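The structure appears right after this line, and notes come after that.
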Amino acid sequence: MEYNQLTVCTTAEAGDIVSAILIYAGSEGVSIKDPSDFAELYKGGIIWDYIDEGLLTTDKRVYVSGFFDIDRDLSEIYEEIEELRRNSEFDVGSLEISVKKIKSEDWENVWKQYYQPIEIGKVVIVPKWISRAPDSLIEVKIDPGMAFGTGSHETTAMCIRLLNGVELKGKSVCDLGCGSGILGITAVKLGAGECVMSDIDQQAVEAARANAQLNGVDKDVKIICGDLASEGKRYDVVIANITADVLIRLSGVVDGLLVKGGTLILSGIINARADEVLSSYKGLRLVEQIRDGEWQAFAFKK
């Protein structure tokens with residue numbers, strides 16, 4: 001099977017943001033080539049028997065690649081990259097995009113070696129092909145597949161950190177833009193009584209259903225492809241790990257999904273857009289704000 005490999009030329013500073021754009025767009029994994037990674041190892045005093053001088057380059061360019069179905073329309077990715085160019089407050093590089101066709105066997109099994117269990121508070125996120133000895137942590141199994149949300153990205157990890165601090169026993173939870181379903185599944189495993197998850201991408205919905213079944217919580221969750229606003233239900237906890245633009249646009253909808261006294265967790269927010277997001281939710285009380293690299297996440301009370 002063939003795929004399109006879309007590669008963006010950027011900087012180390014913007015590499016994570018470009019990666020997130022590709023993952024949100026449905027990339028089947030992300031590859032990052034950053035020459036500075038090798039330079040840092042070399043400067044750190046590691047002894048090498050032989051060094052190719054070509055590796056000690058002064059080239060600062062970073063190449064981030066995503067992988068998409070051969071028939072996938074890539075125009076939305078071009079638009080997101082162009083928006084990054086317009087709005088970024090730091091050097092994002094040329095953002096030149098190239099696309100080439102590759103065969104699936106070139107990469108689809110190799111990327112698995114980079115996924116290892118990730119401990120986040122009381123929770124450990126485990127790729128489905130890894131077996132662990134039982135311990136006191138709450139295990140959430142994930143098949144990354146083609147949907148965003150493995151626990152390795154800062155935006156997802158921050159949501160789980162914030163969920164660790166919420167009393168979820170018996171509570172109703174809504175996960176907007178659920179991607180792989182990792183956040184809704186984690187909420188249920190942390191004690192939530194019910195969870196409704198939604199995504200506008202049918203592929204994400206299918207991935208979330210498969211991951212819910214993998215964790216044995218498929219009877220405790222409801223997964224919807226589309227908009228939750230028409231459901232008319234309110235929830236004790238609402239989670240939205242999307243992008244700043246979408247969070248700002250949906251602020252009224254999100255507020256309407258929350259019961260009085262409920263908790264709202266927002267993530268997917270680059271530092272440069274954090275104040276805009278906060279302004280859009282000024283009717284809620286901010287109780288926690290965390291930052292990891294170029295990203296921020298918030299917890300509010302209504």
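Simple scheme: letters A, B, ... for chains in structure tokens order, numbers from 1 for residues in each chain, numbers from 1 for ligands in the order shown.
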**OP:** Run DSSP on the backbone and give me the residues of segment 195-250 of chain A it puts in helix (DSSP H, G or I), as a list in words.
**Re:** Gln202, Gln203, Ala204, Val205, Glu206, Ala207, Ala208, Arg209, Ala210, Asn211, Ala212, Gln213, Leu214, Ala229, Ser230, Glu231, Ala244, Asp245, Val246, Leu247, Ile248 and Arg249 of chain A
**OP:** Within 12 Å of segment 70-82 of chain A, counting only C-alpha atoms, which residues show up once you throw out same-chain ones fewer than 5 positions away? Write them as a PyMOL selection string, please.
**Re:** chain A and resi 1-10+14-15+17-28+64+87-88+92-104+243+245
Please produce an output containing C-alpha atoms for each residue in the selection, written as a tab-separated table (two decimals), in the first residue's frame.
```tsv
chain	number	residue	atom	x	y	z
A	1	MET	CA	0.00	0.00	0.00
A	2	GLU	CA	1.22	3.51	-0.82
A	3	TYR	CA	1.02	6.63	1.34
A	4	ASN	CA	1.80	10.30	0.92
A	5	GLN	CA	4.70	11.50	3.05
A	6	LEU	CA	4.24	15.24	3.62
A	7	THR	CA	7.36	17.00	4.93
A	8	VAL	CA	7.56	20.53	6.34
A	9	CYS	CA	10.86	22.42	6.64
A	10	THR	CA	10.83	24.34	9.92
A	14	ALA	CA	8.40	25.20	15.83
A	15	GLY	CA	8.90	21.46	15.36
A	17	ILE	CA	3.70	22.74	16.64
A	18	VAL	CA	4.17	21.46	13.09
A	19	SER	CA	4.03	17.90	14.45
A	20	ALA	CA	0.75	18.66	16.20
A	21	ILE	CA	-0.74	20.10	12.99
A	22	LEU	CA	0.12	16.90	11.12
A	23	ILE	CA	-1.16	14.63	13.89
A	24	TYR	CA	-4.42	16.58	14.26
A	25	ALA	CA	-4.84	16.21	10.49
A	26	GLY	CA	-4.69	12.42	10.87
A	27	SER	CA	-1.03	11.59	10.23
A	28	GLU	CA	-0.12	7.95	10.82
A	64	VAL	CA	8.86	17.15	10.17
A	87	ASN	CA	0.47	34.10	13.48
A	88	SER	CA	3.75	32.85	14.92
A	92	VAL	CA	9.22	29.00	12.16
A	93	GLY	CA	11.63	28.65	9.23
A	94	SER	CA	10.64	28.50	5.57
A	95	LEU	CA	7.68	26.12	6.18
A	96	GLU	CA	8.31	24.77	2.69
A	97	ILE	CA	6.18	21.67	2.07
A	98	SER	CA	7.09	18.66	-0.06
A	99	VAL	CA	5.07	15.52	-0.75
A	100	LYS	CA	6.26	12.13	-1.99
A	101	LYS	CA	4.75	8.67	-2.27
A	102	ILE	CA	6.18	5.87	-0.11
A	103	LYS	CA	5.32	2.22	0.50
A	104	SER	CA	3.83	1.31	3.87
A	243	THR	CA	-6.69	23.97	18.75
A	245	ASP	CA	-8.95	28.72	17.07
```
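Counting only C-alpha atoms, the residue from A:Gly121, A:Gly151, A:Gly181, A:Gly252 that sits nearest to Leu163 of chain A is A:Gly121.
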**OP:** Tell me which of A:Ala12, A:Ile290, A:Ile118, A:Ile248 sits closest to Glu276 of chain A, counting only C-alpha atoms.
**Re:** A:Ile248
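Those residues in segment 102-206 of chain A carrying a DSSP assignment of strand (DSSP E), computed from the backbone, are Ile102, Lys103, Ile118, Glu119, Ile120, Val123, Val124, Ile125, Val126, Pro127, Ile138, Glu139, Val140, Lys141, Ile142, Ser172, Val173, Cys174, Asp175, Leu176, Glu194, Cys195, Val196, Met197, Ser198 and Asp199 of chain A.
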Take the residues that were just selected and, keeping N, CA and C atoms, output them as a short mmCIF file (atom, residue, chain, number, x, y, z; two decimals), in the first residue's frame.
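See result02.cif below for the written result:
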```
data_model
loop_
_atom_site.label_atom_id
_atom_site.label_comp_id
_atom_site.auth_asym_id
_atom_site.auth_seq_id
_atom_site.Cartn_x
_atom_site.Cartn_y
_atom_site.Cartn_z
N ILE A 102 5.33 6.93 -0.67
CA ILE A 102 6.18 5.87 -0.11
C ILE A 102 5.35 4.62 0.11
N LYS A 103 6.01 3.49 0.23
CA LYS A 103 5.32 2.22 0.50
C LYS A 103 5.21 2.01 2.01
N ILE A 118 3.93 5.45 29.32
CA ILE A 118 4.12 6.82 29.83
C ILE A 118 3.34 6.96 31.12
N GLU A 119 4.02 7.26 32.22
CA GLU A 119 3.37 7.44 33.51
C GLU A 119 3.00 8.91 33.70
N ILE A 120 1.71 9.15 33.97
CA ILE A 120 1.23 10.51 34.21
C ILE A 120 0.36 10.47 35.46
N VAL A 123 -1.89 7.40 36.37
CA VAL A 123 -2.21 6.70 35.12
C VAL A 123 -0.93 6.33 34.38
N VAL A 124 -0.96 5.18 33.71
CA VAL A 124 0.12 4.83 32.79
C VAL A 124 -0.52 4.50 31.44
N ILE A 125 -0.04 5.17 30.39
CA ILE A 125 -0.52 4.93 29.03
C ILE A 125 0.38 3.90 28.40
N VAL A 126 -0.23 2.80 27.90
CA VAL A 126 0.56 1.67 27.41
C VAL A 126 0.16 1.32 25.98
N PRO A 127 1.09 1.32 25.03
CA PRO A 127 0.77 0.83 23.68
C PRO A 127 0.28 -0.61 23.75
N ILE A 138 -3.07 3.00 37.17
CA ILE A 138 -4.24 2.69 36.35
C ILE A 138 -3.79 2.63 34.90
N GLU A 139 -3.92 1.46 34.29
CA GLU A 139 -3.40 1.25 32.95
C GLU A 139 -4.44 1.58 31.89
N VAL A 140 -4.03 2.41 30.93
CA VAL A 140 -4.87 2.73 29.78
C VAL A 140 -4.13 2.24 28.54
N LYS A 141 -4.70 1.25 27.87
CA LYS A 141 -4.09 0.69 26.66
C LYS A 141 -4.51 1.51 25.44
N ILE A 142 -3.58 1.81 24.56
CA ILE A 142 -3.88 2.61 23.38
C ILE A 142 -3.23 2.00 22.15
N SER A 172 -20.37 12.54 35.21
CA SER A 172 -20.57 12.46 33.75
C SER A 172 -19.49 13.30 33.08
N VAL A 173 -18.93 12.77 32.00
CA VAL A 173 -17.80 13.41 31.32
C VAL A 173 -18.10 13.52 29.84
N CYS A 174 -17.67 14.63 29.25
CA CYS A 174 -17.77 14.83 27.81
C CYS A 174 -16.37 15.13 27.28
N ASP A 175 -15.96 14.38 26.25
CA ASP A 175 -14.66 14.58 25.61
C ASP A 175 -14.90 15.07 24.19
N LEU A 176 -14.66 16.37 23.95
CA LEU A 176 -14.86 16.98 22.63
C LEU A 176 -13.60 16.84 21.78
N GLU A 194 -19.99 7.86 33.47
CA GLU A 194 -20.31 7.78 32.05
C GLU A 194 -19.47 8.80 31.30
N CYS A 195 -19.25 8.52 30.02
CA CYS A 195 -18.49 9.46 29.20
C CYS A 195 -19.04 9.46 27.78
N VAL A 196 -19.30 10.66 27.27
CA VAL A 196 -19.70 10.83 25.88
C VAL A 196 -18.52 11.47 25.15
N MET A 197 -18.11 10.84 24.05
CA MET A 197 -16.99 11.35 23.27
C MET A 197 -17.48 11.69 21.87
N SER A 198 -16.92 12.76 21.30
CA SER A 198 -17.32 13.12 19.94
C SER A 198 -16.12 13.58 19.13
N ASP A 199 -16.20 13.37 17.84
CA ASP A 199 -15.20 13.87 16.90
C ASP A 199 -15.87 14.02 15.55
#
```
